[in-house]
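*Asks:* If it helps, the file is called data35.txt and holds compact mmCIF, C-alpha atoms:
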```
# COMPACT_ATOMS: atom_id res chain seq x y z
CA MET A 406 -21.30 -0.88 -12.96
CA MET A 407 -18.26 0.13 -10.98
CA SER A 408 -17.48 3.82 -11.04
CA THR A 409 -14.23 4.73 -12.69
CA ALA A 410 -11.39 5.58 -10.38
CA PRO A 411 -10.00 9.10 -10.78
CA GLU A 412 -6.71 9.43 -12.60
CA LEU A 413 -3.82 9.60 -10.18
CA LYS A 414 -1.85 12.81 -10.28
CA SER A 415 1.70 12.86 -9.08
CA PRO A 416 1.94 13.46 -5.32
CA ARG A 417 2.30 17.13 -4.46
CA ARG A 418 5.11 16.30 -2.11
CA PRO A 419 7.47 13.70 -3.55
CA VAL A 420 7.94 10.70 -1.30
CA SER A 421 11.60 9.94 -0.84
CA HIS A 422 13.36 7.60 1.54
CA SER A 423 14.57 10.58 3.55
CA THR A 424 10.98 11.68 4.29
CA LEU A 425 10.08 8.27 5.71
CA GLY A 426 11.90 8.91 8.97
CA ARG A 427 14.63 6.89 10.56
CA ALA A 428 12.45 4.22 12.25
CA GLN A 429 10.32 3.65 9.16
CA ARG A 430 13.41 3.35 7.01
CA TRP A 431 14.94 0.72 9.29
CA SER A 432 11.65 -1.18 9.42
CA TRP A 433 11.55 -1.14 5.61
CA ILE A 434 15.15 -2.34 5.23
CA PHE A 435 14.73 -4.99 7.95
CA GLN A 436 11.60 -6.39 6.32
CA ARG A 437 13.44 -6.93 3.05
CA VAL A 438 16.74 -8.23 4.42
CA SER A 439 15.06 -10.59 6.92
CA GLY A 440 12.64 -11.71 4.19
CA VAL A 441 15.47 -12.91 1.96
CA ILE A 442 17.25 -14.70 4.85
CA LEU A 443 13.94 -16.27 5.95
CA ILE A 444 13.39 -17.69 2.46
CA VAL A 445 16.66 -19.63 2.80
CA LEU A 446 16.00 -20.69 6.42
CA ILE A 447 12.33 -21.67 6.05
CA PHE A 448 12.72 -23.56 2.77
CA THR A 449 15.64 -25.49 4.32
CA HIS A 450 13.47 -26.17 7.39
CA LEU A 451 10.59 -27.41 5.22
CA PHE A 452 12.89 -29.48 3.01
CA VAL A 453 14.60 -31.24 5.93
CA ASN A 454 11.52 -31.77 8.13
CA LEU A 455 8.61 -32.14 5.71
CA TRP A 456 10.03 -33.29 2.36
CA SER A 457 13.10 -35.48 3.04
CA GLY A 458 12.91 -38.90 4.66
CA ASP A 459 9.41 -39.87 5.77
CA GLY A 460 8.10 -36.29 5.62
CA ILE A 461 5.42 -35.51 8.19
CA ASN A 462 5.47 -39.10 9.50
CA GLN A 463 9.04 -38.82 10.79
CA ILE A 464 8.29 -35.90 13.14
CA ASP A 465 8.37 -37.03 16.76
CA PHE A 466 10.39 -36.32 19.90
CA ALA A 467 13.30 -38.52 18.76
CA PHE A 468 13.54 -36.64 15.43
CA VAL A 469 13.40 -33.14 16.98
CA ALA A 470 15.74 -34.12 19.85
CA GLY A 471 18.22 -35.62 17.39
CA LYS A 472 18.30 -32.32 15.49
CA LEU A 473 18.38 -30.00 18.50
CA ALA A 474 21.24 -31.96 20.10
CA ASN A 475 23.34 -30.38 17.34
CA PRO A 476 24.44 -26.74 17.96
CA PHE A 477 24.10 -26.05 14.23
CA TRP A 478 20.35 -26.68 14.32
CA GLN A 479 20.01 -24.86 17.66
CA TRP A 480 21.45 -21.67 16.16
CA PHE A 481 19.66 -22.24 12.85
CA ASP A 482 16.31 -22.48 14.69
CA PHE A 483 17.19 -19.53 16.94
CA LEU A 484 17.90 -17.32 13.93
CA MET A 485 14.74 -18.53 12.15
CA LEU A 486 12.63 -17.98 15.29
CA THR A 487 13.80 -14.43 16.01
CA LEU A 488 13.84 -13.23 12.39
CA ALA A 489 10.42 -14.76 11.64
CA MET A 490 8.82 -13.33 14.78
CA ILE A 491 10.21 -9.82 14.23
CA HIS A 492 9.39 -9.92 10.49
CA GLY A 493 5.86 -11.15 11.28
CA ALA A 494 5.32 -8.66 14.11
CA ASN A 495 6.55 -5.82 11.90
CA GLY A 496 4.04 -6.83 9.21
CA MET A 497 1.24 -7.11 11.78
CA ARG A 498 2.20 -3.65 13.11
CA MET A 499 1.68 -2.18 9.63
CA ILE A 500 -1.69 -3.92 9.33
CA ILE A 501 -2.82 -2.55 12.72
CA GLU A 502 -1.74 0.94 11.58
CA ASP A 503 -3.80 0.52 8.39
CA TYR A 504 -7.05 -0.78 9.85
CA ALA A 505 -7.34 0.10 13.56
CA HIS A 506 -8.44 3.73 13.73
CA THR A 507 -9.92 3.96 17.26
CA PRO A 508 -7.07 5.02 19.58
CA TRP A 509 -7.85 2.50 22.37
CA LEU A 510 -8.20 -0.37 19.89
CA LYS A 511 -4.95 0.55 18.20
CA ALA A 512 -3.12 0.77 21.55
CA THR A 513 -4.57 -2.57 22.73
CA LEU A 514 -3.60 -4.36 19.53
CA HIS A 515 -0.09 -2.90 19.52
CA TRP A 516 0.46 -4.00 23.13
CA ALA A 517 -1.00 -7.47 22.52
CA LEU A 518 1.36 -7.81 19.56
CA ARG A 519 4.43 -6.61 21.50
CA ILE A 520 3.72 -8.88 24.47
CA SER A 521 3.01 -12.00 22.39
CA THR A 522 6.11 -11.38 20.24
CA VAL A 523 8.42 -11.07 23.28
CA VAL A 524 6.81 -14.08 25.03
CA ILE A 525 7.16 -16.32 21.96
CA ILE A 526 10.79 -15.30 21.27
CA VAL A 527 11.81 -15.78 24.94
CA LEU A 528 9.93 -19.09 25.26
CA GLY A 529 11.32 -20.45 21.99
CA THR A 530 14.89 -19.40 22.86
CA LEU A 531 14.67 -20.99 26.33
CA VAL A 532 13.39 -24.24 24.80
CA LEU A 533 16.17 -24.27 22.19
CA PHE A 534 19.01 -23.74 24.67
CA THR A 535 17.81 -25.46 27.88
CA PHE A 536 16.47 -28.54 26.11
CA ASP A 537 17.62 -32.07 27.13
CA PRO A 538 17.49 -34.57 24.24
CA CYS A 539 17.84 -37.51 26.67
CA PRO A 540 15.56 -36.88 29.68
CA ALA A 541 16.44 -39.48 32.36
CA ASP A 542 12.88 -40.51 33.22
CA ALA A 543 11.68 -41.05 29.62
CA PRO A 544 11.31 -44.50 27.99
CA ALA A 545 14.34 -45.26 25.76
CA SER A 546 12.05 -46.13 22.81
CA LEU A 547 10.99 -42.48 22.51
CA LEU A 548 14.52 -41.06 22.54
CA PRO A 549 16.96 -40.33 19.67
CA SER A 550 19.63 -42.98 19.01
CA LEU A 551 22.38 -40.70 20.34
CA CYS A 552 21.03 -41.30 23.89
CA GLU A 553 22.14 -44.97 23.74
CA ASP A 554 25.81 -43.94 24.09
CA ILE A 555 25.21 -42.09 27.36
CA MET B 989 -26.33 3.01 -3.72
CA SER B 990 -23.32 3.08 -5.97
CA PRO B 991 -20.00 1.97 -4.52
CA ALA B 992 -17.73 4.72 -3.26
CA THR B 993 -15.10 5.97 -5.65
CA THR B 994 -12.00 3.92 -5.16
CA LEU B 995 -8.42 3.99 -6.31
CA TYR B 996 -8.29 0.20 -6.41
CA ARG B 997 -8.02 -0.96 -10.01
CA GLY B 998 -8.50 -4.67 -9.35
CA HIS B 999 -5.50 -5.65 -11.43
CA GLU B 1000 -2.80 -8.28 -10.85
CA GLY B 1001 -0.75 -6.14 -8.46
CA MET B 1002 -3.69 -5.36 -6.19
CA TRP B 1003 -4.73 -9.00 -5.89
CA MET B 1004 -1.15 -9.98 -5.18
CA TRP B 1005 -1.11 -7.35 -2.42
CA VAL B 1006 -4.24 -8.96 -0.92
CA VAL B 1007 -2.58 -12.39 -1.18
CA HIS B 1008 0.59 -11.06 0.47
CA ARG B 1009 -1.36 -9.63 3.44
CA THR B 1010 -3.63 -12.62 4.03
CA THR B 1011 -0.81 -15.18 3.72
CA GLY B 1012 1.36 -13.02 6.01
CA VAL B 1013 -1.31 -12.93 8.74
CA ALA B 1014 -2.00 -16.67 8.41
CA ILE B 1015 1.73 -17.52 8.64
CA PHE B 1016 2.13 -15.24 11.70
CA PHE B 1017 -0.63 -16.99 13.66
CA PHE B 1018 0.66 -20.40 12.62
CA LEU B 1019 4.12 -19.38 13.87
CA LEU B 1020 2.73 -18.56 17.33
CA VAL B 1021 1.08 -22.00 17.54
CA HIS B 1022 4.12 -23.76 16.06
CA VAL B 1023 6.52 -22.34 18.69
CA LEU B 1024 4.07 -23.40 21.44
CA ASP B 1025 3.71 -26.97 20.13
CA THR B 1026 7.48 -27.34 19.68
CA ALA B 1027 7.95 -26.03 23.24
CA LEU B 1028 6.35 -29.31 24.40
CA VAL B 1029 9.71 -31.06 23.77
CA ARG B 1030 10.70 -29.29 27.02
CA VAL B 1031 7.75 -30.89 28.87
CA SER B 1032 8.11 -34.58 27.96
CA PRO B 1033 8.58 -36.84 24.92
CA GLU B 1034 5.07 -38.23 25.49
CA ALA B 1035 3.43 -34.77 25.53
CA TYR B 1036 5.22 -33.73 22.33
CA ASN B 1037 4.45 -36.98 20.49
CA GLU B 1038 0.78 -36.82 21.44
CA VAL B 1039 0.27 -33.28 20.13
CA ILE B 1040 2.42 -33.74 17.02
CA GLY B 1041 0.50 -36.99 16.38
CA SER B 1042 -2.63 -34.93 15.72
CA TYR B 1043 -0.71 -33.14 12.94
CA LYS B 1044 -0.46 -36.46 11.10
CA THR B 1045 -4.23 -36.71 10.53
CA PRO B 1046 -5.77 -36.13 7.06
CA LEU B 1047 -7.31 -32.80 8.11
CA TYR B 1048 -3.96 -31.42 9.24
CA ALA B 1049 -2.22 -32.79 6.15
CA ILE B 1050 -4.46 -30.44 4.15
CA VAL B 1051 -3.80 -27.55 6.56
CA GLU B 1052 -0.03 -28.16 6.21
CA ALA B 1053 -0.34 -28.13 2.43
CA GLY B 1054 -2.16 -24.79 2.73
CA LEU B 1055 0.59 -23.50 4.99
CA VAL B 1056 3.35 -24.48 2.56
CA ALA B 1057 1.30 -22.84 -0.22
CA ALA B 1058 0.96 -19.63 1.83
CA ILE B 1059 4.69 -19.55 2.60
CA SER B 1060 5.64 -20.17 -1.04
CA LEU B 1061 3.38 -17.40 -2.33
CA HIS B 1062 4.48 -14.92 0.34
CA ALA B 1063 8.16 -15.73 -0.32
CA LEU B 1064 7.96 -15.42 -4.12
CA ASN B 1065 5.88 -12.27 -4.02
CA GLY B 1066 8.25 -10.83 -1.42
CA LEU B 1067 11.06 -11.27 -3.96
CA ARG B 1068 8.87 -9.51 -6.56
CA VAL B 1069 8.27 -6.59 -4.17
CA ILE B 1070 12.03 -6.26 -3.59
CA ALA B 1071 12.70 -6.40 -7.33
CA VAL B 1072 10.04 -3.75 -8.06
CA ASP B 1073 11.54 -1.51 -5.35
CA ARG B 1074 15.06 -1.87 -6.64
CA SER B 1075 14.87 -1.97 -10.41
CA THR B 1076 13.08 0.15 -12.98
CA TRP B 1077 12.90 -2.83 -15.30
CA ALA B 1078 10.99 -4.81 -12.65
CA LEU B 1079 8.78 -1.79 -11.92
CA ARG B 1080 7.82 -1.59 -15.60
CA HIS B 1081 7.20 -5.34 -15.73
CA GLN B 1082 5.56 -5.73 -12.30
CA LYS B 1083 2.35 -7.23 -13.77
CA GLN B 1084 4.29 -9.77 -15.78
CA LEU B 1085 6.25 -10.59 -12.61
CA VAL B 1086 2.97 -11.43 -10.85
CA TRP B 1087 2.51 -14.22 -13.38
CA TRP B 1088 6.06 -15.42 -12.71
CA VAL B 1089 5.15 -15.58 -9.02
CA TRP B 1090 2.21 -17.87 -9.88
CA ILE B 1091 4.39 -20.01 -12.18
CA GLY B 1092 7.08 -20.37 -9.49
CA PHE B 1093 4.35 -21.18 -6.98
CA ALA B 1094 2.94 -23.90 -9.25
CA ILE B 1095 6.42 -25.45 -9.66
CA LEU B 1096 7.05 -25.47 -5.88
CA MET B 1097 3.65 -27.04 -5.18
CA LEU B 1098 4.17 -29.67 -7.89
CA GLY B 1099 7.41 -30.61 -6.13
CA PHE B 1100 5.84 -30.68 -2.68
CA LEU B 1101 2.18 -31.75 -2.89
CA PRO B 1102 2.42 -35.25 -4.42
CA ARG B 1103 5.15 -36.25 -1.97
CA HIS B 1104 3.42 -34.72 1.04
CA LEU B 1105 0.04 -36.28 0.17
CA MET B 1106 1.72 -39.68 -0.31
CA HIS B 1107 3.32 -39.34 3.12
CA ALA B 1108 0.05 -38.26 4.67
CA PHE B 1109 -2.42 -40.57 2.92
CA GLY B 1110 -0.35 -43.37 1.38
CA GLY B 1111 1.53 -44.25 4.55
CA ALA B 1112 4.73 -44.14 2.46
```
Now, as a test, write the supplied structure out as structure tokens.
*Replies:*
Amino acid sequence: MMSTAPELKSPRRPVSHSTLGRAQRWSWIFQRVSGVILIVLIFTHLFVNLWSGDGINQIDFAFVAGKLANPFWQWFDFLMLTLAMIHGANGMRMIIEDYAHTPWLKATLHWALRISTVVIIVLGTLVLFTFDPCPADAPASLLPSLCEDI
Amino acid sequence: MSPATTLYRGHEGMWMWVVHRTTGVAIFFFLLVHVLDTALVRVSPEAYNEVIGSYKTPLYAIVEAGLVAAISLHALNGLRVIAVDRSTWALRHQKQLVWWVWIGFAILMLGFLPRHLMHAFGGA
């Protein structure tokens, strides 16, 4: 038998948004705003890449290069990358706060999270904006059709 | 030894909270891997095609289905959390809204799974 949980009394000190502190409040607002934008971005991403056309079978260099040659998809992916990484890192930060109680463990996890988040955002952004859809030394059969005109 | 007294009630909202956390963590780690695999387009077309080719195997088709399921649940429950924060009506009906999350999830998966599994296993 599970013991019955005690009845919750109202908190002695009411929790209001103003007691959360400025950083916590921004984190809270960001998580919600970015969440809604990410729903639009990620479901579009999944629809275009995984549902339309040949689904998973169409994904290869030619497909990705054909998309990323278009500035619209470059900026779309950039926004999705940064928002998703910050939203995810913010969630992971809260989980570390909840479960890691030893100071050194908490510090290590927070730093590992910060470093991996920055590395992934920088790497992803560099790839998106320095990427060549028609590398000169690659076989033409692997390239998107737009490379034929060059 | 009897279990420690807990405030967890084990109702819909608590399980949805567990689902939200676990799907969130899973999606985060997938995102790290997904940026790294996509970064291979910067290495060479051959390198990218080889790695992405392994995503087209039956095992990964199942993993991808799980990923889409995780994203759908996290997204729909995220909307529920926002609604419960913003409206007293939603706060009063938060349990009922959990069931709407599952219904929306079922609809999304019905739209995605058959098509994805046909792509992955039917060669269509």
*Asks:* Which of these residues is nearest to Leu533 in chain A, using all atoms listed in the file: A:Phe468, A:Trp456, A:Trp431, A:Trp480?
*Replies:*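 That would be A:Trp480, the residue with the smallest distance to Leu533 in chain A.
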*Asks:* Please identify all polymer residues within 8 Å of Val1039 in chain B, counting all atoms listed in the file, omitting same-chain residues fewer than 4 positions from it, and present them as a list in words.
*Replies:* Asp1025, Ala1035 and Tyr1043 of chain B
*Asks:* Select, from B:Thr1076, B:Gln1084, B:Thr1026, B:Ser1060, the residue with the minimum atom-to-atom distance to Leu473 in chain A, counting all atoms listed in the file.
*Replies:*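 Result for the nearest residue to Leu473 in chain A: B:Thr1026.
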*Asks:* Pick out the chain A residues within 9 Å of chain B. Count only C-alpha atoms. Give them as a ChimeraX atom specification.
*Replies:* /A:406-413,437,440-441,443-444,447-448,451,455-456,459-462,464-467,469-470,486,489-490,493-494,496-497,500,521-522,525-526,528-529,531-533,535-538,540,543-544,547-548
*Asks:* If you measure from CA of Leu484 in chain A to CA of Val524 in chain A, what distance in Å do you get, rounded to one decimal?
*Replies:*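 Answer for the CA of Leu484 in chain A to CA of Val524 in chain A separation: 16.0 Å.
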*Asks:* What is the distance, in Å and to one decimal place, between CA of Leu446 in chain A and CA of Ile491 in chain A?
*Replies:*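 Interatomic distance here is 14.6 Å.
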